[in-house]
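J.: Okay, so here is model-v2.txt, and as you'll see once you scroll down, it has compact mmCIF, C-alpha atoms.
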```txt
# COMPACT_ATOMS: atom_id res chain seq x y z
CA MET A 1 30.70 -10.76 2.39
CA THR A 2 31.53 -7.61 0.46
CA GLU A 3 32.75 -4.75 2.62
CA VAL A 4 30.54 -1.70 2.31
CA ARG A 5 32.83 1.01 0.92
CA PRO A 6 32.68 3.59 -1.86
CA SER A 7 32.92 2.20 -5.37
CA SER A 8 33.28 3.82 -8.79
CA VAL A 9 32.48 0.71 -10.84
CA GLU A 10 28.96 1.88 -11.73
CA PRO A 11 28.03 5.50 -12.47
CA LYS A 12 25.31 6.78 -10.20
CA THR A 13 21.77 6.95 -11.48
CA GLU A 14 19.40 9.10 -9.47
CA ALA A 15 16.35 7.15 -8.31
CA THR A 16 13.14 8.97 -9.12
CA SER A 17 11.18 7.60 -6.15
CA THR A 18 11.68 6.52 -2.57
CA GLU A 19 9.45 3.52 -3.31
CA PRO A 20 11.85 0.57 -3.77
CA ARG A 21 10.20 -1.00 -6.82
CA ALA A 22 10.06 2.34 -8.64
CA ALA A 23 13.70 3.02 -7.79
CA ALA A 24 14.63 -0.48 -8.98
CA ARG A 25 12.94 0.17 -12.31
CA THR A 26 14.82 3.46 -12.75
CA TRP A 27 18.16 1.72 -12.22
CA LEU A 28 17.28 -1.19 -14.51
CA GLU A 29 16.15 1.23 -17.23
CA ALA A 30 19.59 2.84 -16.94
CA GLY A 31 21.12 -0.56 -17.75
CA ARG A 32 22.33 -1.31 -14.23
CA PRO A 33 22.00 -4.68 -12.47
CA ILE A 34 20.61 -4.39 -8.96
CA ALA A 35 19.61 -6.48 -5.97
CA ILE A 36 16.24 -6.48 -4.26
CA ALA A 37 16.07 -7.63 -0.66
CA THR A 38 12.69 -8.83 0.62
CA VAL A 39 11.60 -9.62 4.16
CA ILE A 40 10.24 -13.18 3.87
CA ASP A 41 9.60 -14.04 7.50
CA THR A 42 9.36 -12.20 10.82
CA TRP A 43 8.68 -13.00 14.43
CA GLY A 44 8.31 -10.82 17.50
CA SER A 45 9.33 -7.19 17.38
CA ALA A 46 10.56 -7.02 13.77
CA PRO A 47 9.96 -3.39 12.70
CA VAL A 48 9.24 -4.09 8.98
CA ARG A 49 6.42 -6.42 8.02
CA THR A 50 6.78 -9.41 5.73
CA GLY A 51 7.04 -8.25 2.11
CA GLY A 52 9.03 -5.10 2.94
CA GLN A 53 11.73 -4.45 0.37
CA LEU A 54 15.08 -2.71 -0.11
CA ALA A 55 16.35 -2.02 -3.64
CA ILE A 56 20.15 -1.83 -3.92
CA ALA A 57 22.16 -0.40 -6.80
CA GLY A 58 25.37 0.52 -5.01
CA VAL A 59 26.95 1.11 -1.64
CA ASP A 60 25.20 4.45 -1.22
CA GLU A 61 22.36 3.91 -3.69
CA PHE A 62 19.41 2.15 -2.11
CA GLN A 63 15.73 2.76 -1.41
CA GLY A 64 13.31 1.10 0.97
CA SER A 65 13.84 -0.77 4.22
CA VAL A 66 13.98 -4.28 5.64
CA SER A 67 14.52 -3.45 9.29
CA GLY A 68 14.60 0.29 9.85
CA GLY A 69 18.05 0.02 11.42
CA CYS A 70 21.57 -1.35 11.26
CA VAL A 71 20.59 -4.63 9.59
CA GLU A 72 20.41 -2.59 6.40
CA ALA A 73 24.21 -2.33 6.29
CA ASP A 74 24.59 -6.12 6.25
CA VAL A 75 21.79 -6.52 3.72
CA ILE A 76 23.35 -3.90 1.41
CA ALA A 77 26.69 -5.71 1.63
CA ALA A 78 24.98 -8.99 0.77
CA GLY A 79 23.17 -7.24 -2.08
CA LEU A 80 26.49 -6.12 -3.58
CA ASP A 81 27.70 -9.73 -3.42
CA VAL A 82 24.53 -10.98 -5.09
CA ILE A 83 24.82 -8.38 -7.88
CA GLN A 84 28.30 -9.74 -8.60
CA SER A 85 27.59 -13.46 -8.24
CA GLY A 86 24.02 -13.65 -9.49
CA HIS A 87 23.23 -16.21 -6.79
CA PRO A 88 20.43 -15.36 -4.34
CA GLU A 89 21.03 -15.40 -0.60
CA THR A 90 18.74 -15.81 2.39
CA LEU A 91 19.89 -13.94 5.49
CA ASN A 92 18.79 -14.56 9.07
CA PHE A 93 18.87 -11.97 11.84
CA GLY A 94 17.77 -12.57 15.40
CA VAL A 95 18.38 -11.62 19.01
CA ALA A 96 21.76 -13.34 18.97
CA ASP A 97 23.06 -10.94 16.33
CA GLU A 98 24.59 -7.69 17.55
CA THR A 99 23.36 -5.84 14.47
CA ALA A 100 19.83 -7.04 15.08
CA TRP A 101 19.94 -5.73 18.65
CA ARG A 102 20.97 -2.33 17.36
CA ALA A 103 18.16 -2.44 14.79
CA GLY A 104 15.52 -2.79 17.43
CA LEU A 105 15.06 -6.59 17.53
CA ALA A 106 16.24 -6.95 21.11
CA CYS A 107 12.75 -7.73 22.42
CA GLY A 108 12.68 -11.20 20.94
CA GLY A 109 12.38 -10.45 17.23
CA LYS A 110 13.87 -12.04 14.16
CA ILE A 111 13.74 -11.51 10.42
CA ARG A 112 14.68 -13.50 7.33
CA VAL A 113 15.62 -11.58 4.22
CA HIS A 114 15.92 -12.97 0.70
CA VAL A 115 18.29 -11.09 -1.62
CA ALA A 116 18.10 -11.62 -5.38
CA ARG A 117 19.75 -10.08 -8.43
CA PHE A 118 17.66 -8.28 -11.05
CA ASP A 119 19.22 -7.88 -14.48
CA PRO A 120 18.28 -5.14 -16.99
CA LYS A 121 17.95 -7.58 -19.89
CA SER A 122 15.90 -10.28 -18.17
CA ASP A 123 14.08 -8.57 -15.30
CA LEU A 124 13.08 -5.09 -16.46
CA ALA A 125 10.12 -6.57 -18.35
CA PHE A 126 9.15 -8.46 -15.19
CA LEU A 127 8.99 -5.25 -13.14
CA LYS A 128 7.06 -3.51 -15.91
CA ASN A 129 4.50 -6.33 -15.81
CA VAL A 130 4.17 -5.92 -12.04
CA ASP A 131 3.69 -2.18 -12.45
CA ALA A 132 1.12 -2.73 -15.21
CA ALA A 133 -0.95 -4.99 -12.96
CA ILE A 134 -0.88 -2.47 -10.14
CA ALA A 135 -1.77 0.38 -12.51
CA GLU A 136 -4.87 -1.63 -13.45
CA ARG A 137 -5.54 -2.12 -9.71
CA SER A 138 -5.25 -5.88 -10.08
CA PRO A 139 -3.80 -7.64 -7.01
CA ILE A 140 -1.08 -10.17 -7.81
CA VAL A 141 1.24 -12.58 -6.04
CA VAL A 142 4.90 -12.85 -7.01
CA ALA A 143 5.98 -16.42 -6.21
CA THR A 144 9.76 -16.60 -5.70
CA ARG A 145 11.63 -19.88 -5.33
CA LEU A 146 14.25 -19.11 -2.71
CA ALA A 147 16.86 -21.62 -3.89
CA ASP A 148 17.41 -20.07 -7.31
CA GLY A 149 15.39 -16.84 -7.29
CA ASN A 150 13.01 -18.03 -10.02
CA ARG A 151 9.90 -15.86 -9.88
CA GLN A 152 6.51 -15.68 -11.54
CA ILE A 153 3.51 -13.39 -11.42
CA ILE A 154 0.20 -15.00 -10.45
CA ASP A 155 -3.04 -13.06 -10.76
CA ALA A 156 -6.48 -13.92 -9.45
CA THR A 157 -7.45 -15.85 -12.59
CA ALA A 158 -4.43 -18.15 -12.27
CA ALA A 159 -4.51 -18.64 -8.49
CA THR A 160 -5.24 -22.37 -8.32
CA GLN A 161 -3.24 -23.06 -5.15
CA PRO A 162 -5.16 -22.34 -1.92
CA GLU A 163 -2.14 -20.58 -0.39
CA VAL A 164 -1.86 -18.21 -3.35
CA ALA A 165 -5.59 -17.54 -3.35
CA GLU A 166 -5.44 -16.75 0.37
CA ALA A 167 -2.51 -14.38 -0.14
CA LEU A 168 -4.51 -12.55 -2.80
CA ARG A 169 -7.63 -12.43 -0.64
CA ARG A 170 -5.90 -11.10 2.44
CA GLY A 171 -3.19 -9.09 0.73
CA ARG A 172 -0.64 -10.73 3.04
CA SER A 173 2.79 -12.05 2.04
CA ALA A 174 4.12 -15.32 3.48
CA LEU A 175 6.21 -18.41 2.83
CA ASP A 176 4.31 -21.35 1.41
CA ALA A 177 3.81 -24.57 3.36
CA THR A 178 7.13 -25.99 2.15
CA GLY A 179 9.08 -22.91 3.21
CA GLU A 180 10.80 -23.00 -0.17
CA THR A 181 8.72 -20.40 -2.02
CA PHE A 182 7.85 -16.88 -0.91
CA LEU A 183 4.40 -15.62 -1.88
CA HIS A 184 4.66 -11.83 -2.10
CA ALA A 185 1.19 -10.30 -2.25
CA ILE A 186 1.31 -6.99 -4.12
CA THR A 187 -1.95 -5.09 -3.96
CA PRO A 188 -3.07 -1.81 -5.53
CA ALA A 189 -2.42 1.38 -3.62
CA ARG A 190 -5.05 1.85 -0.94
CA ARG A 191 -7.21 4.73 -2.02
CA VAL A 192 -9.29 7.27 -0.14
CA ILE A 193 -11.97 8.97 -2.24
CA ILE A 194 -13.22 12.08 -0.46
CA VAL A 195 -16.56 13.45 -1.62
CA GLY A 196 -16.76 17.02 -0.41
CA ALA A 197 -13.79 19.38 -0.62
CA THR A 198 -14.36 20.80 2.86
CA HIS A 199 -12.00 22.00 5.60
CA ILE A 200 -12.05 18.52 7.15
CA ALA A 201 -11.23 17.11 3.71
CA GLN A 202 -8.14 19.31 3.48
CA HIS A 203 -6.77 17.81 6.69
CA LEU A 204 -7.80 14.28 5.73
CA ALA A 205 -6.18 14.56 2.29
CA LEU A 206 -2.89 15.70 3.81
CA MET A 207 -2.79 13.01 6.49
CA ALA A 208 -3.98 10.18 4.24
CA THR A 209 -1.35 11.10 1.64
CA ALA A 210 1.36 11.14 4.32
CA SER A 211 0.15 7.69 5.43
CA GLY A 212 0.66 6.27 1.95
CA TYR A 213 -2.89 6.39 0.62
CA ASP A 214 -3.78 7.49 -2.90
CA VAL A 215 -6.20 10.38 -2.35
CA LYS A 216 -8.85 11.73 -4.73
CA VAL A 217 -11.27 14.58 -3.97
CA ILE A 218 -14.65 14.91 -5.70
CA ASP A 219 -16.89 17.95 -5.48
CA PRO A 220 -19.06 19.62 -8.13
CA ARG A 221 -18.43 23.00 -6.48
CA THR A 222 -15.39 24.28 -8.34
CA ALA A 223 -14.62 26.95 -5.76
CA PHE A 224 -14.11 24.18 -3.19
CA THR A 225 -11.78 22.12 -5.39
CA SER A 226 -9.39 24.98 -6.04
CA PRO A 227 -5.72 24.03 -6.53
CA ALA A 228 -5.02 26.44 -3.68
CA ARG A 229 -6.89 24.04 -1.38
CA PHE A 230 -5.86 20.63 -2.72
CA GLU A 231 -3.08 19.08 -4.75
CA PRO A 232 -4.17 19.40 -8.41
CA SER A 233 -3.48 15.70 -9.01
CA GLN A 234 -6.00 14.81 -6.30
CA ILE A 235 -8.90 16.81 -7.71
CA VAL A 236 -11.58 14.97 -9.69
CA GLY A 237 -14.16 17.44 -10.97
CA GLY A 238 -17.88 16.93 -11.32
CA TRP A 239 -20.62 15.19 -9.40
CA PRO A 240 -19.96 11.85 -7.68
CA GLU A 241 -21.63 9.95 -10.52
CA ASP A 242 -19.07 11.38 -12.94
CA GLY A 243 -16.10 11.36 -10.58
CA LEU A 244 -16.55 7.83 -9.26
CA ALA A 245 -17.00 6.55 -12.82
CA LYS A 246 -13.38 7.60 -13.44
CA LEU A 247 -12.10 5.72 -10.39
CA ALA A 248 -12.11 2.07 -9.41
CA ALA A 249 -14.15 1.68 -6.23
CA ASP A 250 -12.65 -1.72 -5.48
CA PRO A 251 -11.86 -3.61 -2.22
CA PHE A 252 -8.80 -1.39 -1.79
CA THR A 253 -10.87 1.80 -1.71
CA ALA A 254 -12.40 3.89 1.08
CA ILE A 255 -15.17 6.35 0.20
CA VAL A 256 -15.85 9.26 2.57
CA THR A 257 -18.66 11.79 2.16
CA LEU A 258 -18.14 15.16 3.86
CA THR A 259 -20.26 17.70 1.99
CA HIS A 260 -23.24 17.85 4.37
CA VAL A 261 -25.28 18.41 1.21
CA ASP A 262 -27.84 15.63 0.93
CA GLU A 263 -28.04 15.42 -2.84
CA ILE A 264 -24.26 15.17 -3.22
CA ASP A 265 -23.67 12.77 -0.34
CA ASP A 266 -26.64 10.56 -1.27
CA GLU A 267 -25.44 10.23 -4.84
CA ALA A 268 -21.98 9.17 -3.62
CA LEU A 269 -23.39 6.74 -1.03
CA THR A 270 -25.68 5.14 -3.60
CA LEU A 271 -22.69 4.42 -5.82
CA ALA A 272 -20.50 3.33 -2.91
CA LEU A 273 -23.08 0.84 -1.61
CA LYS A 274 -23.29 -0.74 -5.06
CA SER A 275 -19.51 -1.18 -5.15
CA PRO A 276 -17.15 -3.62 -3.36
CA CYS A 277 -15.23 -0.79 -1.67
CA ARG A 278 -13.79 -1.68 1.74
CA TYR A 279 -14.89 1.34 3.75
CA ILE A 280 -17.79 3.80 3.55
CA GLY A 281 -18.11 6.71 5.96
CA SER A 282 -20.42 9.71 6.04
CA LEU A 283 -20.22 12.88 8.11
CA GLY A 284 -23.26 13.93 10.11
CA SER A 285 -24.98 13.60 13.45
CA ARG A 286 -27.14 10.63 14.42
CA LYS A 287 -30.21 12.69 13.56
CA THR A 288 -28.78 13.51 10.14
CA HIS A 289 -27.89 9.88 9.57
CA ALA A 290 -31.38 8.70 10.55
CA LYS A 291 -32.82 10.89 7.80
CA ARG A 292 -30.15 9.57 5.42
CA VAL A 293 -31.08 5.97 6.27
CA ALA A 294 -34.73 6.67 5.52
CA ARG A 295 -33.81 8.07 2.10
CA LEU A 296 -31.57 5.11 1.29
CA LYS A 297 -34.25 2.63 2.32
CA SER A 298 -36.70 4.43 0.05
CA ALA A 299 -34.14 3.97 -2.72
CA GLY A 300 -34.22 0.21 -2.15
CA PHE A 301 -31.21 -0.44 0.07
CA SER A 302 -31.53 -3.03 2.83
CA ASP A 303 -30.51 -2.72 6.48
CA ALA A 304 -27.47 -4.88 5.72
CA ASP A 305 -26.45 -2.55 2.89
CA ILE A 306 -26.80 0.55 5.04
CA ALA A 307 -24.89 -1.06 7.92
CA ARG A 308 -21.76 -0.76 5.77
CA ILE A 309 -21.80 3.01 6.35
CA HIS A 310 -19.75 4.27 9.30
CA ALA A 311 -21.91 7.04 10.75
CA PRO A 312 -21.27 9.09 12.73
CA ILE A 313 -17.98 8.83 10.91
CA GLY A 314 -14.62 8.24 12.62
CA LEU A 315 -13.45 6.65 15.83
CA ASP A 316 -15.02 8.04 18.98
CA ILE A 317 -12.13 10.13 20.34
CA ALA A 318 -14.24 13.18 21.25
CA ALA A 319 -12.86 14.99 18.19
CA GLU A 320 -13.97 18.61 17.74
CA THR A 321 -11.68 20.50 15.37
CA PRO A 322 -11.46 19.75 11.64
CA GLY A 323 -7.99 18.28 12.14
CA GLU A 324 -9.15 16.06 15.00
CA ILE A 325 -12.19 14.87 13.05
CA ALA A 326 -9.96 14.06 10.07
CA THR A 327 -7.64 12.15 12.40
CA SER A 328 -10.54 10.07 13.73
CA ILE A 329 -11.70 9.30 10.18
CA LEU A 330 -8.25 8.24 8.99
CA ALA A 331 -7.78 6.07 12.09
CA GLN A 332 -11.05 4.30 11.37
CA ILE A 333 -10.07 3.77 7.72
CA ILE A 334 -6.70 2.33 8.73
CA ALA A 335 -8.32 0.01 11.28
CA THR A 336 -10.79 -1.23 8.66
CA PHE A 337 -8.08 -1.96 6.11
CA ARG A 338 -5.78 -3.65 8.61
CA LYS A 339 -8.35 -5.68 10.52
CA ALA A 340 -10.76 -6.75 7.77
CA PRO A 341 -9.31 -8.86 4.93
CA VAL A 342 -10.53 -8.55 1.37
CA THR A 343 -13.64 -10.71 0.92
```
Here is a file; write its structure as structure tokens.

T.:
Amino acid sequence: MTEVRPSSVEPKTEATSTEPRAAARTWLEAGRPIAIATVIDTWGSAPVRTGGQLAIAGVDEFQGSVSGGCVEADVIAAGLDVIQSGHPETLNFGVADETAWRAGLACGGKIRVHVARFDPKSDLAFLKNVDAAIAERSPIVVATRLADGNRQIIDATAATQPEVAEALRRGRSALDATGETFLHAITPARRVIIVGATHIAQHLALMATASGYDVKVIDPRTAFTSPARFEPSQIVGGWPEDGLAKLAADPFTAIVTLTHVDEIDDEALTLALKSPCRYIGSLGSRKTHAKRVARLKSAGFSDADIARIHAPIGLDIAAETPGEIATSILAQIIATFRKAPVT
């Protein structure tokens, strides 16, 4: 295995993102071959879930994680070998390995990592196709044959195998039944659409962004959606009918209403209930929600429809301050995404 030491063979190219696939694309666009390491199997206390990736361009040029610890050094060394040889490798780390103990696997964990070379001429187009699917918010599965690294993109329309269809439905990566092909489910960024640019929304936007969610804020009141209050890229002007029309309220979306203004919240909830979004939550007391339910029923929504709304919003943690309420809302969103698969 290649010793990890400084090398001047390849000039450095600054990665433009800490996200491994984005960094990989930057390096490939600069004409540099790279390796991508992917966690293909875990058991026990493995700190990175299946599908986690590490992009490697050089000894001190890498982005992402496969273990969160010292296993990275061995994986980077293997990646440098794979870049040179072109032959993929599958690495195993478990409690018997000293490096795995140092990486936090000492409580009975193990991981398997597949390392494959990506070439600028043959694989840049592949990554661009992956990015294009995600930009269109279309979930895909990348099926990689471990023996030779052959990979293909499978979308929902081409998912004829039950295992692939299940990976798309649940958004979960796994080895297939043969153990010879890894099915890497790549789903759109989970999105939180906040209707109501309130004080609670400011906290929620910050925390949801830090947690990896794509955040958008809708409010027709321009004073509330000031760039001094929210990141400009997060602001979607106009009423919910206009704002939500610009966004895809799909199964990877949470919609939260926080205005406390009936006409704004009701418009957003009407659109949310007609969409396949994963989570709907609305701020207000039980009394406020009872009045809201009556209005929605008058608009033709059934009890089953209205039951999709989390109200009072957030987990019951006795939250009082805007920051605490935002924390309870985000926790409930996370729980919904993690516990309830896409249907």

J.: Between A:Lys291, A:His114, A:His199, A:His310, which has the minimum distance to Thr50 (chain A) (counting only C-alpha atoms)?

T.: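 For Thr50 (chain A), the nearest of the given residues is A:His114.
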
J.: Given 4 Å of margin on each side, can you work out the centre and size in Å (one decimal) of an axis-aligned box holding every listed atom of region 115-131 of chain A, as AutoDock Vina command-line options?

T.:
```
--center_x 11.7 --center_y -6.9 --center_z -10.8 --size_x 24.1 --size_y 17.4 --size_z 26.3
```

J.: Excluding same-chain residues fewer than 2 positions from Gln202 (chain A), what lies within 9 Å of it counting only C-alpha atoms, as a PyMOL selection string?

T.: chain A and resi 197-200+204-207+229-230+322-323+326

J.: Can you pull out the residues contacting Ser275 (chain A)? Cut-off 10 Å, using only C-alpha atoms, and skip same-chain residues under 5 positions away; I want them as a list in words.

T.: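 With the cut-off at 10 Å, the set is Ala248, Ala249, Asp250, Pro251, Thr253, Leu269 and Thr270 of chain A.
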
J.: If we count all atoms listed in the file, what is near region 140-150 of chain A at a cut-off of 9 Å, once residues fewer than 2 positions away on the same chain are taken out, given as an NGL selection string?

T.: :A and (87-90 or 114-117 or 130 or 133-134 or 138 or 152-156 or 159 or 164-165 or 167-168 or 171 or 173 or 179-188)

J.: Quote the spacing between CA of Ile111 (chain A) and CA of Val39 (chain A) in Å to one decimal place.

T.: 6.9 Å

J.: So which residues touch region 76-83 of chain A within 9 Å, counting all atoms listed in the file, skipping near sequence neighbours fewer than 3 positions away, as a ChimeraX atom specification?

T.: /A:1-4,33-37,54-60,62,71-73,86-89,91,115-119

J.: Kindly extract all protein, DNA and RNA residues lying within 12 Å of the coordinates (-26.8, 15.5, 1.3) given in the file, considering all atoms listed in the file, and supply them as a ChimeraX atom specification.

T.: /A:195-196,240,257-270,282-284,288-289,291-293,295-296

J.: With C-alpha atoms retained, write the just-selected residues as a short mmCIF file (atom, residue, chain, number, x, y, z; two decimals), keeping the file's coordinate frame.

T.:
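Done, and the output landed in out-v2.cif:
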```
data_model
loop_
_atom_site.label_atom_id
_atom_site.label_comp_id
_atom_site.auth_asym_id
_atom_site.auth_seq_id
_atom_site.Cartn_x
_atom_site.Cartn_y
_atom_site.Cartn_z
CA VAL A 195 -16.56 13.45 -1.62
CA GLY A 196 -16.76 17.02 -0.41
CA PRO A 240 -19.96 11.85 -7.68
CA THR A 257 -18.66 11.79 2.16
CA LEU A 258 -18.14 15.16 3.86
CA THR A 259 -20.26 17.70 1.99
CA HIS A 260 -23.24 17.85 4.37
CA VAL A 261 -25.28 18.41 1.21
CA ASP A 262 -27.84 15.63 0.93
CA GLU A 263 -28.04 15.42 -2.84
CA ILE A 264 -24.26 15.17 -3.22
CA ASP A 265 -23.67 12.77 -0.34
CA ASP A 266 -26.64 10.56 -1.27
CA GLU A 267 -25.44 10.23 -4.84
CA ALA A 268 -21.98 9.17 -3.62
CA LEU A 269 -23.39 6.74 -1.03
CA THR A 270 -25.68 5.14 -3.60
CA SER A 282 -20.42 9.71 6.04
CA LEU A 283 -20.22 12.88 8.11
CA GLY A 284 -23.26 13.93 10.11
CA THR A 288 -28.78 13.51 10.14
CA HIS A 289 -27.89 9.88 9.57
CA LYS A 291 -32.82 10.89 7.80
CA ARG A 292 -30.15 9.57 5.42
CA VAL A 293 -31.08 5.97 6.27
CA ARG A 295 -33.81 8.07 2.10
CA LEU A 296 -31.57 5.11 1.29
#
```

J.: Which polymer residues, whether protein, DNA or RNA, lie within 10 Å of the coordinate (-5.9, 19.6, -6.0) when you count all atoms listed in the file? List them as a JSON list (two decimals) with C-alpha atoms, in the coordinates of the input, using the chain letters and numbers from the file.

T.:
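Below is the file result_20.json, written as the result:
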```json
[["chain", "number", "residue", "atom", "x", "y", "z"],
["A", 197, "ALA", "CA", -13.79, 19.38, -0.62],
["A", 202, "GLN", "CA", -8.14, 19.31, 3.48],
["A", 205, "ALA", "CA", -6.18, 14.56, 2.29],
["A", 215, "VAL", "CA", -6.20, 10.38, -2.35],
["A", 216, "LYS", "CA", -8.85, 11.73, -4.73],
["A", 217, "VAL", "CA", -11.27, 14.58, -3.97],
["A", 218, "ILE", "CA", -14.65, 14.91, -5.70],
["A", 224, "PHE", "CA", -14.11, 24.18, -3.19],
["A", 225, "THR", "CA", -11.78, 22.12, -5.39],
["A", 226, "SER", "CA", -9.39, 24.98, -6.04],
["A", 227, "PRO", "CA", -5.72, 24.03, -6.53],
["A", 228, "ALA", "CA", -5.02, 26.44, -3.68],
["A", 229, "ARG", "CA", -6.89, 24.04, -1.38],
["A", 230, "PHE", "CA", -5.86, 20.63, -2.72],
["A", 231, "GLU", "CA", -3.08, 19.08, -4.75],
["A", 232, "PRO", "CA", -4.17, 19.40, -8.41],
["A", 233, "SER", "CA", -3.48, 15.70, -9.01],
["A", 234, "GLN", "CA", -6.00, 14.81, -6.30],
["A", 235, "ILE", "CA", -8.90, 16.81, -7.71],
["A", 236, "VAL", "CA", -11.58, 14.97, -9.69],
["A", 237, "GLY", "CA", -14.16, 17.44, -10.97]]
```

J.: Do you have the CA of Ala318 (chain A)-CA of Asp214 (chain A) distance handy?

T.: 26.9 Å

J.: Please compute the CA of Ala135 (chain A)-CA of Ala272 (chain A) distance, one decimal, in Å.

T.: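 CA of Ala272 (chain A) lies 21.3 Å from CA of Ala135 (chain A).
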
J.: Identify which of the residues A:Ile313, A:Ile325, A:Leu244, A:Ile306 lies closest to Ala201 (chain A), counting all atoms listed in the file when measuring atom-to-atom distances.

T.: A:Ile325

J.: Which residue gives the smallest distance to Ile194 (chain A) among A:Pro276, A:Gly94, A:Pro139, A:Gly281, with all atoms listed in the file counted?

T.: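 Closest to Ile194 (chain A), using all atoms listed in the file: A:Gly281.
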
J.: Between A:Asp123, A:Ile40, A:Pro47, A:Ser67, which is the closest to Arg25 (chain A) once you count all atoms listed in the file?

T.: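 For Arg25 (chain A), the nearest of the candidates is A:Asp123.
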
J.: Under the rule that only C-alpha atoms are counted, which of A:Leu273, A:Ile309, A:Val75, A:Ile333 is the nearest residue to Arg190 (chain A)?

T.: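 The closest residue to Arg190 (chain A) is A:Ile333.
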